[in-house]
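K.L.:
One file: data.txt (compact mmCIF, C-alpha atoms).
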```
# COMPACT_ATOMS: atom_id res chain seq x y z
CA MET A 1 -15.04 -69.92 92.52
CA VAL A 2 -12.08 -70.21 90.25
CA ARG A 3 -10.08 -67.05 90.42
CA VAL A 4 -7.87 -65.89 87.60
CA LYS A 5 -4.69 -64.65 89.17
CA SER A 6 -2.31 -62.08 87.80
CA ARG A 7 0.75 -60.32 88.96
CA TYR A 8 0.95 -56.56 88.84
CA LEU A 9 4.41 -55.10 88.40
CA LEU A 10 4.97 -51.57 89.59
CA CYS A 11 7.75 -50.06 87.50
CA GLU A 12 9.36 -46.69 87.37
CA VAL A 13 10.61 -45.27 84.12
CA ASN A 14 13.96 -43.53 84.64
CA VAL A 15 14.99 -40.97 82.08
CA SER A 16 17.92 -38.64 82.03
CA ASP A 17 15.84 -35.52 81.45
CA ARG A 18 12.42 -35.37 82.96
CA SER A 19 10.78 -33.25 80.29
CA ARG A 20 10.77 -36.21 77.92
CA LEU A 21 8.69 -38.21 80.34
CA LEU A 22 5.58 -36.27 79.44
CA LEU A 23 5.54 -37.77 75.96
CA LEU A 24 4.84 -41.25 77.30
CA ASP A 25 1.57 -42.98 76.68
CA ASP A 26 0.42 -46.45 77.59
CA ARG A 27 0.26 -47.86 74.08
CA ALA A 28 3.88 -46.94 73.44
CA VAL A 29 4.97 -48.63 76.66
CA ALA A 30 2.94 -51.75 75.86
CA ALA A 31 4.42 -51.97 72.39
CA THR A 32 7.95 -51.56 73.77
CA VAL A 33 7.48 -54.27 76.36
CA LYS A 34 6.04 -56.68 73.78
CA ALA A 35 8.89 -55.99 71.40
CA ALA A 36 11.48 -56.54 74.12
CA VAL A 37 9.90 -59.82 75.20
CA ALA A 38 9.77 -61.00 71.59
CA ARG A 39 13.42 -60.07 71.14
CA ILE A 40 14.62 -61.88 74.22
CA HIS A 41 12.33 -64.88 74.46
CA GLY A 42 11.27 -65.23 70.86
CA ASP A 43 7.94 -66.52 69.72
CA TYR A 44 7.22 -68.26 73.01
CA GLY A 45 7.63 -65.03 74.90
CA ALA A 46 5.56 -63.09 72.41
CA ALA A 47 2.77 -65.63 72.72
CA LEU A 48 2.81 -65.51 76.52
CA CYS A 49 2.68 -61.75 76.34
CA SER A 50 -0.51 -61.72 74.37
CA ILE A 51 -2.56 -63.61 76.96
CA ARG A 52 -3.26 -61.14 79.69
CA PHE A 53 -0.62 -58.51 79.44
CA SER A 54 -1.63 -54.87 79.60
CA VAL A 55 -0.52 -51.52 80.92
CA LYS A 56 -2.95 -50.70 83.66
CA TYR A 57 -1.83 -47.27 84.78
CA LEU A 58 0.66 -44.76 83.60
CA ASN A 59 1.57 -41.50 85.25
CA ALA A 60 3.60 -39.39 82.88
CA HIS A 61 4.57 -36.87 85.54
CA THR A 62 6.25 -39.32 87.87
CA GLY A 63 7.01 -42.07 85.38
CA ILE A 64 5.17 -44.84 87.23
CA VAL A 65 3.70 -47.72 85.24
CA PHE A 66 1.57 -50.65 86.37
CA LEU A 67 1.98 -53.70 84.17
CA ARG A 68 -0.16 -56.76 84.45
CA PHE A 69 1.16 -60.23 83.66
CA PRO A 70 -0.37 -63.66 84.11
CA LYS A 71 0.82 -65.33 87.28
CA LYS A 72 2.30 -68.42 85.64
CA CYS A 73 4.93 -66.72 83.54
CA TYR A 74 5.47 -63.33 85.09
CA ARG A 75 9.11 -64.08 85.98
CA LEU A 76 9.99 -64.88 82.43
CA LEU A 77 8.38 -61.73 81.12
CA TRP A 78 9.89 -59.70 83.95
CA SER A 79 13.36 -60.90 82.98
CA ALA A 80 12.96 -59.20 79.61
CA LEU A 81 12.29 -55.78 81.13
CA PRO A 82 15.93 -54.87 81.94
CA PHE A 83 16.73 -55.12 78.25
CA ILE A 84 14.55 -52.17 77.36
CA THR A 85 16.76 -49.24 76.48
CA CYS A 86 14.36 -46.81 74.84
CA ILE A 87 10.68 -46.24 74.37
CA GLU A 88 9.46 -45.01 71.03
CA THR A 89 6.45 -42.76 71.02
CA ARG A 90 5.03 -40.39 68.43
CA GLY A 91 8.11 -40.72 66.30
CA GLN A 92 10.50 -39.82 69.11
CA LYS A 93 12.76 -42.13 71.01
CA ILE A 94 13.06 -41.61 74.71
CA SER A 95 16.10 -43.40 76.06
CA CYS A 96 15.26 -44.74 79.48
CA PHE A 97 15.21 -47.85 81.58
CA LEU A 98 12.56 -49.52 83.66
CA ASN A 99 13.13 -50.17 87.32
CA CYS A 100 10.76 -52.55 89.01
CA LEU A 101 9.70 -51.39 92.46
CA HIS A 102 7.08 -53.84 93.62
CA VAL A 103 5.24 -56.98 92.58
CA GLY A 104 1.71 -57.39 93.85
CA GLY A 105 -1.12 -59.79 93.41
CA THR A 106 -3.79 -57.12 93.18
CA MET A 107 -4.00 -53.53 92.07
CA ARG A 108 -4.88 -52.44 95.56
CA THR A 109 -1.66 -53.71 97.14
CA CYS A 110 0.32 -52.02 94.41
CA GLN A 111 -1.56 -48.82 94.97
CA LYS A 112 -0.91 -48.95 98.70
CA PHE A 113 2.78 -49.46 98.05
CA LEU A 114 2.76 -46.60 95.57
CA ILE A 115 1.23 -44.24 98.11
CA ARG A 116 3.90 -45.15 100.68
CA TYR A 117 6.61 -44.82 98.04
CA ASN A 118 5.41 -41.41 96.91
CA THR A 119 5.31 -40.23 100.50
CA GLN A 120 8.92 -41.36 100.89
CA GLN A 121 9.84 -39.53 97.70
CA LEU A 122 8.28 -36.36 99.05
CA HIS A 123 10.36 -36.74 102.19
CA ARG A 124 13.46 -37.17 100.07
CA MET A 125 12.61 -34.07 98.09
CA LEU A 126 12.28 -31.86 101.13
CA PRO A 127 16.01 -31.26 101.79
CA LYS A 128 16.59 -30.53 98.14
CA CYS A 129 14.12 -27.65 97.86
CA LYS A 130 15.69 -24.59 96.44
CA ASN A 131 13.47 -21.89 97.82
CA GLU A 132 10.96 -21.31 100.55
CA GLU A 133 7.93 -21.58 98.30
CA GLU A 134 8.83 -25.04 97.06
CA LYS A 135 9.50 -26.12 100.62
CA GLN A 136 6.07 -24.98 101.70
CA GLN A 137 4.43 -26.86 98.85
CA VAL A 138 6.25 -30.06 99.64
CA GLN A 139 5.47 -29.77 103.33
CA LYS A 140 1.82 -29.21 102.57
CA ALA A 141 1.78 -32.26 100.35
CA ILE A 142 3.37 -34.38 103.04
CA LEU A 143 0.81 -33.21 105.57
CA ASN A 144 -1.95 -34.03 103.15
CA CYS A 145 -0.75 -37.61 103.01
CA SER A 146 -0.87 -38.33 106.65
CA LEU A 147 -3.60 -36.10 108.12
CA THR A 148 -7.01 -37.50 107.44
CA GLY A 149 -7.80 -41.15 107.73
CA ARG A 150 -10.00 -41.33 104.67
CA ASN A 151 -8.24 -39.23 102.15
CA LYS A 152 -5.04 -41.20 102.17
CA GLU A 153 -3.77 -40.42 98.70
CA ALA A 154 -0.57 -38.58 98.04
CA PHE A 155 -1.08 -35.68 95.72
CA GLU A 156 0.63 -37.31 92.79
CA VAL A 157 -1.42 -40.49 92.71
CA GLU A 158 -4.68 -40.48 90.83
CA SER A 159 -7.35 -42.59 92.41
CA GLU A 160 -7.24 -46.02 90.94
CA SER A 161 -10.04 -48.12 92.20
CA GLU A 162 -9.81 -51.17 90.02
CA GLU A 163 -9.99 -54.30 92.04
CA ASP A 164 -8.39 -57.56 91.13
CA GLU A 165 -10.41 -59.12 88.40
CA GLU A 166 -12.47 -62.20 88.95
CA GLU A 167 -13.11 -64.64 86.19
CA GLU A 168 -13.00 -62.80 82.92
CA MET B 1 16.70 -55.88 104.59
CA SER B 2 19.56 -56.83 102.39
CA VAL B 3 22.23 -54.55 101.22
CA PHE B 4 22.60 -54.18 97.47
CA MET B 5 25.87 -53.19 95.94
CA ASP B 6 26.95 -52.30 92.51
CA LEU B 7 30.65 -52.77 92.20
CA ASN B 8 31.43 -51.51 88.73
CA VAL B 9 30.69 -48.00 87.68
CA ASN B 10 33.06 -47.02 84.94
CA TYR B 11 35.09 -43.97 85.60
CA THR B 12 34.54 -41.13 83.17
CA ALA B 13 36.46 -37.91 83.20
CA ASP B 14 33.16 -36.09 83.05
CA LYS B 15 32.36 -35.30 86.65
CA SER B 16 28.72 -34.43 86.19
CA GLN B 17 28.04 -37.71 84.45
CA LEU B 18 29.67 -39.60 87.27
CA GLN B 19 27.64 -37.64 89.78
CA SER B 20 24.41 -38.38 87.98
CA LEU B 21 25.34 -42.06 87.90
CA ILE B 22 25.93 -42.13 91.62
CA GLU B 23 22.64 -40.35 92.18
CA THR B 24 20.81 -42.84 90.01
CA ALA B 25 22.42 -45.70 91.89
CA ALA B 26 21.33 -44.20 95.18
CA HIS B 27 17.83 -43.72 93.84
CA LEU B 28 17.63 -47.34 92.72
CA GLY B 29 18.59 -48.61 96.14
CA PHE B 30 22.27 -49.52 95.95
CA SER B 31 23.98 -48.84 99.21
CA THR B 32 27.53 -49.12 97.91
CA VAL B 33 29.05 -48.27 94.59
CA ALA B 34 32.60 -48.78 93.36
CA ILE B 35 34.10 -46.57 90.68
CA ASN B 36 36.12 -48.69 88.33
CA TYR B 37 39.38 -47.51 86.79
CA VAL B 38 40.61 -49.75 84.03
CA PHE B 39 44.34 -50.21 84.01
CA GLU B 40 46.32 -49.25 80.93
CA PRO B 41 49.65 -51.05 80.65
CA THR B 42 51.45 -47.74 80.66
CA GLU B 43 50.29 -46.04 83.80
CA ILE B 44 48.04 -46.66 86.72
CA PRO B 45 45.42 -43.97 87.06
CA ALA B 46 45.17 -42.25 90.38
CA PRO B 47 41.74 -42.36 91.90
CA THR B 48 39.99 -39.07 92.56
CA ALA B 49 39.18 -38.51 96.17
CA ILE B 50 35.55 -39.22 96.85
CA SER B 51 34.88 -35.96 98.64
CA GLU B 52 36.14 -34.07 95.61
CA LEU B 53 33.72 -35.90 93.46
CA MET B 54 30.46 -35.20 95.10
CA ASP B 55 29.55 -33.71 98.36
CA PRO B 56 27.25 -34.48 100.05
CA LEU B 57 26.67 -38.02 98.89
CA PRO B 58 23.06 -38.80 98.07
CA ILE B 59 20.96 -40.79 100.49
CA VAL B 60 20.13 -44.33 99.49
CA GLN B 61 16.50 -44.99 98.65
CA GLY B 62 14.83 -46.67 101.56
CA ARG B 63 17.60 -46.07 104.07
CA SER B 64 18.85 -43.12 106.06
CA ARG B 65 22.52 -43.40 105.28
CA PRO B 66 24.30 -41.87 102.31
CA ILE B 67 25.66 -44.09 99.60
CA ARG B 68 29.14 -45.43 100.09
CA VAL B 69 31.56 -44.96 97.21
CA LEU B 70 34.67 -47.08 96.80
CA ASN B 71 37.51 -47.06 94.31
CA ARG B 72 38.33 -50.08 92.26
CA LEU B 73 41.07 -50.97 89.80
CA THR B 74 40.66 -53.47 86.98
CA ILE B 75 43.78 -54.79 85.33
CA VAL B 76 43.37 -56.26 81.89
CA MET B 77 46.09 -58.85 81.71
CA SER B 78 47.49 -60.34 78.60
CA ASP B 79 50.88 -60.94 80.12
CA ALA B 80 52.08 -61.97 83.55
CA SER B 81 54.15 -58.86 84.02
CA HIS B 82 51.13 -56.59 83.97
CA PHE B 83 50.20 -57.37 87.52
CA ARG B 84 52.74 -56.36 90.08
CA PRO B 85 51.51 -57.36 93.48
CA THR B 86 53.70 -55.01 95.44
CA ALA B 87 53.13 -51.82 93.53
CA VAL B 88 52.43 -48.92 95.83
CA GLU B 89 49.73 -47.46 93.63
CA TYR B 90 47.48 -50.40 94.28
CA ARG B 91 47.04 -49.34 97.86
CA ARG B 92 44.98 -46.33 96.97
CA PHE B 93 42.25 -48.51 95.57
CA ASP B 94 39.80 -50.30 97.76
CA LEU B 95 39.10 -53.17 95.42
CA LEU B 96 41.35 -54.96 92.97
CA ALA B 97 40.11 -56.84 89.96
CA VAL B 98 41.87 -58.77 87.25
CA GLN B 99 40.72 -59.69 83.79
CA PRO B 100 42.79 -62.59 82.47
CA THR B 101 42.83 -63.30 78.78
CA THR B 102 44.67 -66.59 78.65
CA GLU B 103 44.25 -69.85 80.49
CA LYS B 104 47.58 -69.67 82.28
CA LEU B 105 46.81 -66.22 83.57
CA PHE B 106 43.39 -67.36 84.65
CA HIS B 107 44.95 -70.19 86.59
CA ALA B 108 47.53 -67.90 88.15
CA ALA B 109 44.91 -65.33 89.04
CA CYS B 110 42.74 -67.91 90.72
CA MET B 111 45.47 -69.52 92.76
CA ILE B 112 48.20 -67.01 93.41
CA TYR B 113 47.39 -63.40 92.75
CA ASP B 114 46.19 -61.29 95.58
CA VAL B 115 43.04 -59.81 94.11
CA ASP B 116 39.39 -59.73 95.01
CA ILE B 117 37.54 -60.12 91.75
CA ILE B 118 38.19 -61.99 88.53
CA CYS B 119 36.41 -60.48 85.57
CA ILE B 120 35.19 -62.68 82.81
CA SER B 121 35.01 -60.75 79.60
CA VAL B 122 31.85 -61.19 77.68
CA THR B 123 32.53 -59.43 74.45
CA GLU B 124 34.02 -62.43 72.74
CA LYS B 125 33.91 -66.18 72.93
CA LEU B 126 36.41 -67.15 75.56
CA PRO B 127 39.52 -68.86 74.21
CA PHE B 128 39.73 -71.12 77.22
CA PHE B 129 37.41 -73.31 79.18
CA PHE B 130 36.92 -73.12 82.89
CA LYS B 131 38.45 -75.97 84.79
CA ARG B 132 37.14 -77.03 88.14
CA ALA B 133 40.50 -76.97 89.94
CA PRO B 134 41.41 -73.28 89.68
CA VAL B 135 37.79 -72.23 90.06
CA ASN B 136 37.38 -74.14 93.29
CA GLY B 137 40.72 -72.86 94.52
CA ALA B 138 39.60 -69.31 93.87
CA ILE B 139 36.34 -69.81 95.71
CA GLU B 140 38.15 -71.23 98.71
CA ARG B 141 40.37 -68.18 98.82
CA GLY B 142 37.34 -65.94 98.79
CA LEU B 143 37.58 -64.67 95.22
CA VAL B 144 34.55 -63.89 93.21
CA PHE B 145 33.85 -64.06 89.48
CA GLU B 146 32.24 -61.20 87.73
CA VAL B 147 30.11 -61.01 84.63
CA SER B 148 29.15 -57.74 83.04
CA TYR B 149 25.63 -57.44 81.74
CA SER B 150 25.63 -54.07 80.10
CA ALA B 151 26.85 -55.45 76.79
CA ALA B 152 23.94 -57.84 76.90
CA ILE B 153 21.54 -54.97 77.11
CA ARG B 154 22.89 -53.24 74.05
CA ASP B 155 23.58 -55.83 71.44
CA SER B 156 22.12 -59.17 70.40
CA THR B 157 25.35 -61.02 69.57
CA ARG B 158 26.95 -59.85 72.76
CA ARG B 159 23.90 -61.03 74.63
CA ARG B 160 24.52 -64.54 73.36
CA TYR B 161 28.15 -64.46 74.42
CA THR B 162 27.23 -63.05 77.81
CA ILE B 163 24.67 -65.73 78.49
CA ALA B 164 26.93 -68.46 77.10
CA ASN B 165 29.91 -67.42 79.18
CA ALA B 166 27.83 -66.88 82.28
CA VAL B 167 26.11 -70.25 82.04
CA CYS B 168 29.42 -71.95 81.41
CA LEU B 169 30.88 -70.29 84.46
CA MET B 170 27.85 -71.21 86.50
CA GLU B 171 28.28 -74.89 85.74
CA THR B 172 31.81 -74.95 86.99
CA CYS B 173 31.49 -72.78 89.98
CA LYS B 174 27.94 -73.33 91.23
CA GLY B 175 27.19 -69.75 92.13
CA LYS B 176 29.66 -67.20 93.54
CA VAL B 177 29.13 -65.00 90.57
CA ARG B 178 28.33 -61.35 90.50
CA PRO B 179 26.65 -59.64 87.59
CA LEU B 180 27.68 -56.05 87.18
CA PRO B 181 26.80 -53.16 84.91
CA VAL B 182 28.89 -50.73 82.97
CA PRO B 183 27.03 -47.46 82.68
CA PRO B 184 26.01 -44.94 81.20
CA LEU B 185 22.28 -45.42 81.48
CA ASP B 186 22.97 -49.10 81.91
CA LEU B 187 22.28 -49.22 85.58
CA ARG B 188 19.43 -51.49 86.51
CA GLY B 189 17.67 -51.89 89.79
CA PRO B 190 18.77 -54.66 92.16
CA TYR B 191 15.65 -56.76 91.65
CA ASP B 192 16.09 -56.55 87.90
CA ILE B 193 19.65 -57.76 88.20
CA THR B 194 18.42 -60.62 90.36
CA ASN B 195 16.11 -61.59 87.54
CA LEU B 196 18.97 -61.49 85.08
CA GLY B 197 20.78 -63.86 87.37
CA LEU B 198 17.89 -66.27 86.90
CA LEU B 199 18.47 -66.06 83.17
CA PHE B 200 22.09 -66.98 83.70
CA GLY B 201 21.15 -70.14 85.47
CA LEU B 202 21.37 -69.16 89.10
CA SER B 203 18.62 -70.24 91.44
CA ASP B 204 16.38 -67.71 93.18
CA GLY B 205 18.33 -67.45 96.40
CA GLU B 206 21.69 -67.50 94.65
CA ALA B 207 20.65 -64.74 92.28
CA LYS B 208 19.70 -62.44 95.11
CA GLU B 209 22.89 -63.32 96.96
CA ALA B 210 24.87 -62.44 93.87
CA VAL B 211 23.82 -58.85 94.23
CA SER B 212 23.88 -58.56 97.97
CA SER B 213 25.90 -60.88 100.14
CA THR B 214 28.51 -61.88 97.57
CA CYS B 215 29.26 -58.22 96.97
CA ARG B 216 29.51 -57.60 100.66
CA SER B 217 31.92 -60.49 101.05
CA VAL B 218 34.09 -59.04 98.29
CA VAL B 219 34.27 -55.69 100.05
CA LEU B 220 35.20 -57.37 103.32
CA HIS B 221 37.78 -59.50 101.54
CA ALA B 222 39.30 -56.34 100.12
CA GLU B 223 39.54 -54.89 103.59
CA THR B 224 41.30 -57.96 104.90
CA ARG B 225 43.74 -57.74 102.03
CA LYS B 226 44.86 -54.41 103.36
CA THR B 227 45.52 -55.73 106.82
CA ALA B 228 48.25 -57.86 108.33
CA SER B 229 46.85 -61.41 108.47
CA GLY B 230 43.44 -59.92 109.00
CA ILE B 231 44.12 -58.97 112.59
CA ILE B 232 45.29 -55.41 112.76
CA TYR B 233 43.29 -52.82 110.93
CA THR B 234 44.98 -49.48 110.48
CA VAL B 235 42.89 -46.39 110.18
CA LYS B 236 43.99 -42.93 109.30
CA SER B 237 43.09 -40.64 112.11
CA CYS B 238 42.57 -37.70 109.80
CA SER B 239 42.55 -37.46 106.06
CA ASP B 240 45.97 -35.88 105.56
CA SER B 241 48.05 -37.53 108.17
CA PRO B 242 51.06 -39.58 107.08
CA PRO B 243 51.12 -43.31 107.83
CA ALA B 244 53.20 -42.82 110.95
CA ASP B 245 50.24 -41.25 112.71
CA CYS B 246 47.82 -44.06 112.08
CA LYS B 247 45.87 -45.45 114.93
CA SER B 248 45.61 -49.15 114.96
CA ARG B 249 42.60 -50.96 116.20
CA LEU B 250 42.37 -54.57 117.14
CA HIS B 251 39.36 -56.36 115.85
CA PRO B 252 38.31 -59.90 116.59
CA VAL B 253 38.65 -62.16 113.62
CA SER B 254 36.81 -65.33 113.00
CA GLN B 255 39.60 -67.53 111.76
CA SER B 256 37.48 -69.98 109.90
CA SER B 257 36.20 -67.53 107.37
CA GLY B 258 39.08 -65.11 107.52
CA TRP B 259 36.74 -62.12 107.57
CA LEU B 260 37.29 -59.04 109.58
CA MET B 261 34.57 -57.75 111.85
CA VAL B 262 34.55 -54.06 111.21
CA ASN B 263 32.52 -51.72 113.31
CA GLU B 264 31.49 -48.76 111.27
```
Take the structure I supplied and represent it as structure tokens, if you would.

P.N.:
Amino acid sequence: MVRVKSRYLLCEVNVSDRSRLLLLDDRAVAATVKAAVARIHGDYGAALCSIRFSVKYLNAHTGIVFLRFPKKCYRLLWSALPFITCIETRGQKISCFLNCLHVGGTMRTCQKFLIRYNTQQLHRMLPKCKNEEEKQQVQKAILNCSLTGRNKEAFEVESESEEDEEEE
Amino acid sequence: MSVFMDLNVNYTADKSQLQSLIETAAHLGFSTVAINYVFEPTEIPAPTAISELMDPLPIVQGRSRPIRVLNRLTIVMSDASHFRPTAVEYRRFDLLAVQPTTEKLFHAACMIYDVDIICISVTEKLPFFFKRAPVNGAIERGLVFEVSYSAAIRDSTRRRYTIANAVCLMETCKGKVRPLPVPPLDLRGPYDITNLGLLFGLSDGEAKEAVSSTCRSVVLHAETRKTASGIIYTVKSCSDSPPADCKSRLHPVSQSSGWLMVNE
């Protein structure tokens, strides 16, 4: 069977103050990416972007975004992402930049990477805890990640069970 | 696993901003960062000691070691007298960079001057073209050319100049180029910079090398510059001791590449 292949880019949105992150929503991110691609690669880029590009997942608390691009031109569209300097949403501009963490062929591989990455982030957070209560919470979260075989999700990841799409 | 380095973080007098920049760099995965002091013709700034700046240094994402911070001096040269190779102040910096503005200076910098990095300015159309002879001479000596991409991120006209200059440089020197950012908020992750390298005309492997192994070779080249013919490497035994107390260690040197094998 002919399989339509895509590339899923796992990006992290870095902002200088984390409270602004909560204003993000997926339509704003999609519009920003399309505008950036149109600015850098012109009409050709904008046309490529309209084929199968979408924002698949957005977590406003951690700033993680999954973007989907068609496999043939994902490098070109990826090269426009460093030029994004701010995301405009609900009339407010959040100045930020996107940092790409992982490129995967399916949502599942990206999700697996995200779970490992979040676990590492929890480990990094542990020495920085300011009081005993926070430390306990972080330790509990880390234990949650690795204890049971089935429930392998870190507490910040919502369950995303979309498989790679077959012919659309 | 390759080591990513970001060798140009502009020095700001604001300590907290500098600290947040170093933290962001560590979060993005850069294992070494160099704080850049731009040279004014009047006085050479003294670099702040790293331990004063931030202590403890943040751990690099994905590794267990803290980020390494170096000091770097960039000299903007419009005249040959600006660069004095024997000035004592240069020794406090780990890396030396030169930004020539005329063709003669570019030629001199490539062939004669004892520096590690040659910066190509991207904010205006260059008044001179790159010739193969000095560029090849520079590459043989171990020098590296540097292109800043932060201006490209901000402004559309500057983007054109950046890409034009970078592509022009690429044609003459076939790689050996390092893109570098000038913060604030202009830091980009190493894989994103690799992609930018693709835009500038580098191939896949070369683009990744530009961020990792070329940077590492520059840092090693800077270390050999401090030594006597790359054989004896002096190390201060404690931070405040005068030069007379230095221990000296002998390291094997591979003569063909002129690099120093340093055991950290």

K.L.:
Can you check which residues of chain A have any atom within 6 Å of chain B? Use all atoms listed in the file and format it as JSON, numbers by chain.

P.N.:
{"A": [79, 83, 99]}

K.L.:
Got a sec: who's within 12 Å of Arg52 of chain A, counting all atoms listed in the file, leaving out chain neighbours fewer than 5 positions off, as a PDB file with C-alpha atoms, in the frame of the given file?

P.N.:
```
ATOM      1  CA  VAL A   4      -7.870 -65.890  87.600  1.00  0.00           C
ATOM      2  CA  LYS A   5      -4.690 -64.650  89.170  1.00  0.00           C
ATOM      3  CA  SER A   6      -2.310 -62.080  87.800  1.00  0.00           C
ATOM      4  CA  ARG A   7       0.750 -60.320  88.960  1.00  0.00           C
ATOM      5  CA  TYR A   8       0.950 -56.560  88.840  1.00  0.00           C
ATOM      6  CA  ALA A  30       2.940 -51.750  75.860  1.00  0.00           C
ATOM      7  CA  LYS A  34       6.040 -56.680  73.780  1.00  0.00           C
ATOM      8  CA  ALA A  46       5.560 -63.090  72.410  1.00  0.00           C
ATOM      9  CA  ALA A  47       2.770 -65.630  72.720  1.00  0.00           C
ATOM     10  CA  LEU A  67       1.980 -53.700  84.170  1.00  0.00           C
ATOM     11  CA  ARG A  68      -0.160 -56.760  84.450  1.00  0.00           C
ATOM     12  CA  PHE A  69       1.160 -60.230  83.660  1.00  0.00           C
ATOM     13  CA  PRO A  70      -0.370 -63.660  84.110  1.00  0.00           C
ATOM     14  CA  LYS A  71       0.820 -65.330  87.280  1.00  0.00           C
ATOM     15  CA  LYS A  72       2.300 -68.420  85.640  1.00  0.00           C
ATOM     16  CA  CYS A  73       4.930 -66.720  83.540  1.00  0.00           C
ATOM     17  CA  TYR A  74       5.470 -63.330  85.090  1.00  0.00           C
ATOM     18  CA  LEU A  77       8.380 -61.730  81.120  1.00  0.00           C
ATOM     19  CA  GLU A 165     -10.410 -59.120  88.400  1.00  0.00           C
ATOM     20  CA  GLU A 168     -13.000 -62.800  82.920  1.00  0.00           C
TER      21      GLU A 168
END
```

K.L.:
Centre and edge lengths of an axis-aligned box around all listed atoms of segment 183-197 of chain B, with 6 Å added on each side, are to be given in Å to one decimal, as AutoDock Vina command-line options.

P.N.:
```
--center_x 21.3 --center_y -54.4 --center_z 86.7 --size_x 23.4 --size_y 30.9 --size_z 23.0
```

K.L.:
Find the distance between atom CA of Arg27 of chain A and atom CA of Asp43 of chain A and write it in Å to one decimal.

P.N.:
20.6 Å

K.L.:
May I have the residues within 10 Å of Arg132 of chain B as a ChimeraX atom specification, using all atoms listed in the file and disregarding those fewer than 2 positions away in the same chain?

P.N.:
/B:129-130,134-138,169,171-173

K.L.:
Could you dump the residues just selected with C-alpha atoms as an mmCIF file, keeping the file's coordinate frame?

P.N.:
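Contents of the output file part.cif:
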```
data_model
loop_
_atom_site.group_PDB
_atom_site.id
_atom_site.type_symbol
_atom_site.label_atom_id
_atom_site.label_comp_id
_atom_site.auth_asym_id
_atom_site.auth_seq_id
_atom_site.Cartn_x
_atom_site.Cartn_y
_atom_site.Cartn_z
ATOM 1 C CA PHE B 129 37.410 -73.310 79.180
ATOM 2 C CA PHE B 130 36.920 -73.120 82.890
ATOM 3 C CA PRO B 134 41.410 -73.280 89.680
ATOM 4 C CA VAL B 135 37.790 -72.230 90.060
ATOM 5 C CA ASN B 136 37.380 -74.140 93.290
ATOM 6 C CA GLY B 137 40.720 -72.860 94.520
ATOM 7 C CA ALA B 138 39.600 -69.310 93.870
ATOM 8 C CA LEU B 169 30.880 -70.290 84.460
ATOM 9 C CA GLU B 171 28.280 -74.890 85.740
ATOM 10 C CA THR B 172 31.810 -74.950 86.990
ATOM 11 C CA CYS B 173 31.490 -72.780 89.980
#
```

K.L.:
Give me the residues near Val13 of chain A as number ranges by chain, where near means some atom within 7 Å (using all atoms listed in the file) and where sequence neighbours in that chain fewer than 5 positions away do not count.

P.N.:
A: 63-64, 96-99

K.L.:
Emit the selected residues as an mmCIF file, in the frame of the given file, including C-alpha atoms.

P.N.:
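After the write, selection-v4.cif holds the following:
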```cif
data_model
loop_
_atom_site.group_PDB
_atom_site.id
_atom_site.type_symbol
_atom_site.label_atom_id
_atom_site.label_comp_id
_atom_site.auth_asym_id
_atom_site.auth_seq_id
_atom_site.Cartn_x
_atom_site.Cartn_y
_atom_site.Cartn_z
ATOM 1 C CA GLY A 63 7.010 -42.070 85.380
ATOM 2 C CA ILE A 64 5.170 -44.840 87.230
ATOM 3 C CA CYS A 96 15.260 -44.740 79.480
ATOM 4 C CA PHE A 97 15.210 -47.850 81.580
ATOM 5 C CA LEU A 98 12.560 -49.520 83.660
ATOM 6 C CA ASN A 99 13.130 -50.170 87.320
#
```
